[in-house]
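Here the structure is laid out as structure tokens; the discussion comes afterwards.
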Amino acid sequence: MSEQLENIEEVLAAHKLSFADYEHMKEILKREPNFVEIGIFSAMWSEHCSYKSSKKYLNGFPTKAPWVIQGPGENAGVIDIGDGMAAVFKMESHNHPSYIEPFQGAATGVGGILRDIFTMGARPVANLNALRFGDVDGDSDTNKYQRHLVRGVVDGIGSYGNCMGVPTIGGEMTFESCYNGNILVNAFSLGLAKSDEIFYGKAEGTGNPVIYVGSKTGRDGLGGAVMSSDSFTEESKKLRPTVQVGDPFTEKLLLEACMELFQTDYVVGIQDMGAAGLTSSSFEMAGRSGSGMIMHLDKVPAREEGMTPYDFMLSESQERMLICAKKGTEDKIIEIFQKWDLDAEVIGEVTDTGNMELFWHGEKVADIPVDPVSEEAPILDRPTKEPEYLKDVKNENLEALKAKSNQEIFDSVIDSLEVVDKAWVYNQYDSTVQTNTEKHPGSLDASVIRVKENGKALAMSSDCNTRYCYIDPFKGAAMAVMESGRNVAMSGARPLAITDCLNYGNPENPEVMWQFAQGCEGIKEACKELSTPVVSGNVSLYNETNGVSIYPTPAIAMVGVNEDANNVLTSKFKNEGDVIVLLGKTKGEFGASLALKEVVGEVKGTISPLDYQEELKLWDIVIKANEKGLLNSAKDVNLGGLAVAVAKVSAISNMGANVKSELGLNIFDESPSRAIVTVSKDNLNTLLDLAKEIGIEAKEVGVVGGDEVVVDDVKISLDKLKDIYFNKFKEVIEQDL
């Protein structure tokens with residue numbers, strides 16, 4: 001079985017392995033590895049699968065709470081949402097594939113995250129996405145390519161989700177030059193299951209069969225996990241063969257077959273074949289149970305001629321699962337999958353050897369101890385260094401802002417692509433399928449679905465202000481947790497837990513590693529202080545092209561529960577004459593603000609110390625006031641400050657507003673822990689009394705109504721505002737069609 005490999009330097013380089021890794025492999029195997037084994041080690045020790053650069057900093061994330069059923073380490077995280085029901089959710093990245101092949105890259109990202117959810121026994125009920133692109137507006141080749149990427153990614157997400165019958169109910173999309181060479185496509189999915197019917201990815205019980213189900217295996221995606229563990233160059237655009245091709249119709253069949261299977265007691269464990277395909281799924285299942293496994297690779301259903309053991313182990317063909325079943329149930333399981341027109345084959349069994357033994361037509365082609373591959377994956381302690389650029393970004397040019405009138409600033413920020421409505425995007429997604437969506441895309445802040453089984457509602461929001469993370473990686477990451485929680489609270493739901501997608505540049509650059517370490521510490525602090533543990537997540541490094549790394553982008557998706565699905569709070573103004581109340585302190589925060597970016601053209605400044613108690617008070621007053629029926633609407637104040645928050649709500653409500661805040665330039669400040677809420681005149685004093693009781697600043701600042709939006713000395717007609725807000729994005733994205 002062992003074979004002396006020629007050109008070992010080339011083989012290692014092609015697999016992104018070092019000579020130290022090679023020596024380590026020989027120690028584990030007590031012999032020379034063969035080509036198949038090198039491929040397996042390469043995948044399992046890739047950044048994508050082993051988290052070798054990031055593991056050091058992920059340790060210590062708060063992961064426990066009374067409502068957490070399953071934290072990190074499984075296919076997805078699970079929280080208890082009451083009455084015997086659980087929410088299962090996770091966010092994953094598909095960045096590199098989406099840059100190379102936007103439609104399939106984004107589509108298979110959605111497919112992969114859906115499998116993570118239904119592998120746990122949960123039916124997916126909601127998708128979100130967090131998308132970052134470069135400069136889309138203009139005539140340069142870069143601008144045109146970025147528009148092509150936006151169109152392809154949105155089409156891919158919509159096509160896959162719509163075919164699966166899972167609503168895409170929200171998300172976020174931002175634009176910065178740093179993403180010109182490296183877009184980010186982060187996909188989130190949430191499913192529902194009974195809390196005592198969760199399935200885990202384990203393979204135990206000597207002699208229990210290992211069954212392959214789903215699509216046939218081809219050569220698509222070969223080396224995908226390794227490809228995603230390296231930086232981009234111009235050559236990378238030629239990597240199309242490493243991008244998988246998805247088939248949502250097959251996945252829909254796989255989902256339904258799994259749901260039927262989960263009604264039986266045949267399953268010991270089940271695992272999605274995601275990155276590194278059959279390699280990661282088999283090693284993870286055996287590793288979690290401390291068992292071994294025999295697999296006969298010639299029994300794996302093949303889609304192509306002449307495939308080798310190496311191809312079978314490292315293919316990332318989509319829509320496939322690995323099942324560890326109870327002995328004697330094989331025929332019944334195969335029958336279920338065949339009924340749904342899917343392949344199902346017994347390809348091996350669980351052993352007590354602790355080794356992964358692979359056979360090809362009766363000949364052993366690999367024999368690897370399971371534990372060392374996962375447990376002894378390199379944990380790198382990469383050097384860190386505070387970035388030089390931070391010396392230059394401390395002082396923002398507020399004087400340049402003050403030189404402009406508030407009206408001029410407003411006119412610059414209100415048509416920013418980050419502010420305007422993205423109906424062009426979300427109209428391509430089906431947000432109503434399954435008929436449980438209570439708060440749809442475009443309705444601001446969190447998205448909400450009702451849970452028919454217990455009468456509650458689940459709110460979810462994905463957030464990250466990458467400019468904040470650029471000027472202060474610690475506070476920026478913490479603020480992403482705060483912001484996602486705030487959005488959930490604005491719908492009347494109590495934020496409970498997060499999943500994250502930590503997108504950073506090249507970890508071999510000490511400055512990027514410093515950003516990553518700081519971001520992790522920020523998330524740890526915020527999650528601990530806000531009692532919102534991390535239950536799942538993903539790390540995506542090497543988001544760098546030609547030496548340019550992206551801004552730190554720790555995308556956070558928060559999930560919360562509203563006890564009553566009939567009491568979901570919306571962001572829309574309800575009645576003429578309602579009073580607008582500003583909650584929270586306005587402190588004059590302009591670091592990395594939208595106003596500075598759009599008017600001065602800079603991302604600079606500092607962020608003041610964070611006050612988690614103020615944030616929790618804001619959540620409390622909105623949730624409690626909503627429970628008491630006091631509020632007609634709620635919208636957090638963040639991007640672009642009070643002026644932009646009022647304008648956005650006016651646009652989606654088709655109602656004007658007259659606000660007199662006396663804040664001066666600070667109508668554009670971006671202090672955290674603030675919101676605008678509306679109440680009827682009759683409820684105003686009750687709300688102000690509640691604010692006093694909770695200890696949060698609350699100030700009556702305006703009234704709903706009229707045909708224009710006025711915020712102090714800023715004015716725009718409702719018709720003009722709606723024209724900009726609802727049409728600008730389409731004009732930009734379709735300018736070369």
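Ordering of the structure tokens sets the chain letters (A, B, ...), residue numbers begin anew at 1 in every chain, and ligands are numbered from 1 in the order given.
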Using only C-alpha atoms, which protein or nucleic acid residues come within 8 Å of Ile523 of chain A? Drop anything in the same chain fewer than 4 positions from it, and give the result as a JSON list (two decimals) with N, CA and C atoms, in the first residue's frame.
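Wrote it out as selection-v8.json, contents follow:
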[["chain", "number", "residue", "atom", "x", "y", "z"],
["A", 61, "PHE", "N", -14.79, 31.10, 23.16],
["A", 61, "PHE", "CA", -16.09, 31.70, 22.81],
["A", 61, "PHE", "C", -17.13, 31.23, 23.82],
["A", 474, "PHE", "N", -11.48, 45.06, 17.22],
["A", 474, "PHE", "CA", -12.12, 44.54, 18.44],
["A", 474, "PHE", "C", -13.54, 45.10, 18.58],
["A", 477, "ALA", "N", -16.11, 44.18, 15.77],
["A", 477, "ALA", "CA", -16.70, 42.85, 15.89],
["A", 477, "ALA", "C", -17.75, 42.82, 17.00],
["A", 478, "ALA", "N", -17.43, 43.45, 18.13],
["A", 478, "ALA", "CA", -18.39, 43.50, 19.24],
["A", 478, "ALA", "C", -19.66, 44.24, 18.81],
["A", 481, "VAL", "N", -22.12, 42.15, 16.89],
["A", 481, "VAL", "CA", -22.99, 41.36, 17.78],
["A", 481, "VAL", "C", -24.10, 42.26, 18.33],
["A", 519, "GLY", "N", -10.78, 40.59, 16.61],
["A", 519, "GLY", "CA", -12.20, 40.35, 16.30],
["A", 519, "GLY", "C", -12.79, 39.27, 17.18],
["A", 527, "CYS", "N", -20.67, 38.74, 23.34],
["A", 527, "CYS", "CA", -21.58, 37.60, 23.55],
["A", 527, "CYS", "C", -21.74, 37.31, 25.04]]
Report as CSV: every residue of segment 640-680 of chain A with an atom at most 8 Å from segment 410-417 of chain A, its closest pair of atoms, and their distance in Å to one decimal, counting only C-alpha atoms, with rows sorted by chain and ascending residue number.
residue,atom,partner,partner_atom,distance
A:Gly640,CA,A:Val413,CA,6.9
A:Ala643,CA,A:Phe410,CA,7.5
A:Val644,CA,A:Ile414,CA,6.6
Query - Best match for closeness to Asn538 of chain A among A:Val425, A:Ala187, A:Met307, A:Ile449, counting only C-alpha atoms - result: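 Looking only at the distances to Asn538 of chain A, the closest residue turns out to be A:Ala187.
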Query - Neighbour list for Arg494 of chain A as an MDAnalysis selection string, cut-off 6 Å, only C-alpha atoms, skip fewer than 4 positions in-chain - result: chainID A and resid 489 560:561
**Report entry** Residue among A:Ile556, A:Cys501, A:Arg674, A:Ala657 lying closest to Lys574 of chain A, counting only C-alpha atoms
**Finding:** A:Ala657
Report task. Please give the complete set of residues from segment 23-203 of chain A that DSSP, run on the backbone, assigns to strand (DSSP E), formatted as a ChimeraX atom specification. Result -> /A:68-70,77-82,85-93,123-133,168-175,184-194
Report task. May I have the residues within 7 Å of segment 167-178 of chain A as a ChimeraX atom specification, using only C-alpha atoms and disregarding those fewer than 2 positions away in the same chain? Result -> /A:125-135,161-162,165,180,418,429-433,440-441,447,461-463,549-551
Report summary line: Residue with the minimum atom-to-atom distance to Tyr179 of chain A, picked from A:Met85, A:Ala193, A:Leu149, A:Ile198 with only C-alpha atoms counted, is A:Leu149
Report task. Write out as a PyMOL selection string each polymer residue whose atoms come within 10 Å of Ala76 of chain A, counting only C-alpha atoms; drop sequence neighbours fewer than 2 positions from it. Result -> chain A and resi 70-74+78+87-91+113+115-120+189-191+200+499+535-537
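Closest approach to Val373 of chain A from the set A:Gly455, A:Ser18, A:Ile38, A:Val419 is made by A:Ile38, with distances taken over only C-alpha atoms.
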Query raised in the report: If you count only C-alpha atoms, which residues fall within 8 Å of Asp311 of chain A, apart from same-chain ones fewer than 6 positions away, as a PyMOL selection string?
Result: chain A and resi 218-219+222
Selection to disk with C-alpha atoms, as a short mmCIF file (atom, residue, chain, number, x, y, z; two decimals), in the first residue's frame:
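And here is the file that came out, result17.cif:
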data_model
loop_
_atom_site.label_atom_id
_atom_site.label_comp_id
_atom_site.auth_asym_id
_atom_site.auth_seq_id
_atom_site.Cartn_x
_atom_site.Cartn_y
_atom_site.Cartn_z
CA GLY A 218 -18.08 13.17 -9.89
CA ARG A 219 -14.84 15.12 -10.08
CA LEU A 222 -11.82 18.43 -6.38
#
Report task. Quick one: everything within 12 Å of Glu37 of chain A, counting only C-alpha atoms, minus sequence neighbours fewer than 2 positions away in the same chain. Send it as JSON, numbers by chain. Result -> {"A": [1, 2, 3, 5, 11, 12, 15, 22, 25, 26, 28, 29, 31, 32, 33, 34, 35, 39, 40, 41, 42, 43, 44, 45, 279, 309, 310, 311, 313, 314, 356, 357, 358, 364, 365, 366, 367, 368, 369, 370, 373]}
**Report entry** DSSP-assigned helix (DSSP H, G or I) members of segment 298-457 of chain A, reported as a ChimeraX atom specification
**Finding:** /A:298-299,309-314,330-339,370-375,389-392,398-402,406-413,423-426
Query raised in the report: When distances are computed from only C-alpha atoms, which of A:Leu390, A:Leu594, A:Ile323, A:Val153 shows the smallest separation from Leu278 of chain A?
Result: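 Closest candidate: A:Ile323.
Between Asp137 of chain A and the residues A:Lys730, A:Lys394, A:Lys628, A:His94, the shortest atom-to-atom distance, using only C-alpha atoms, involves A:Lys730.
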Requested in this report: Mind giving me the straight-line distance from atom CA of Lys216 of chain A to atom CA of Asp272 of chain A in Å, one decimal?
Outcome: 14.1 Å
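Atom CA of Pro372 of chain A sits 9.2 Å away from atom CA of Gly287 of chain A.
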Report task. Figure out the distance between atom CA of Glu284 of chain A and atom CA of Leu380 of chain A, please, to one decimal in Å. Result ->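 Pair atom CA of Leu380 of chain A / atom CA of Glu284 of chain A returns 20.6 Å.
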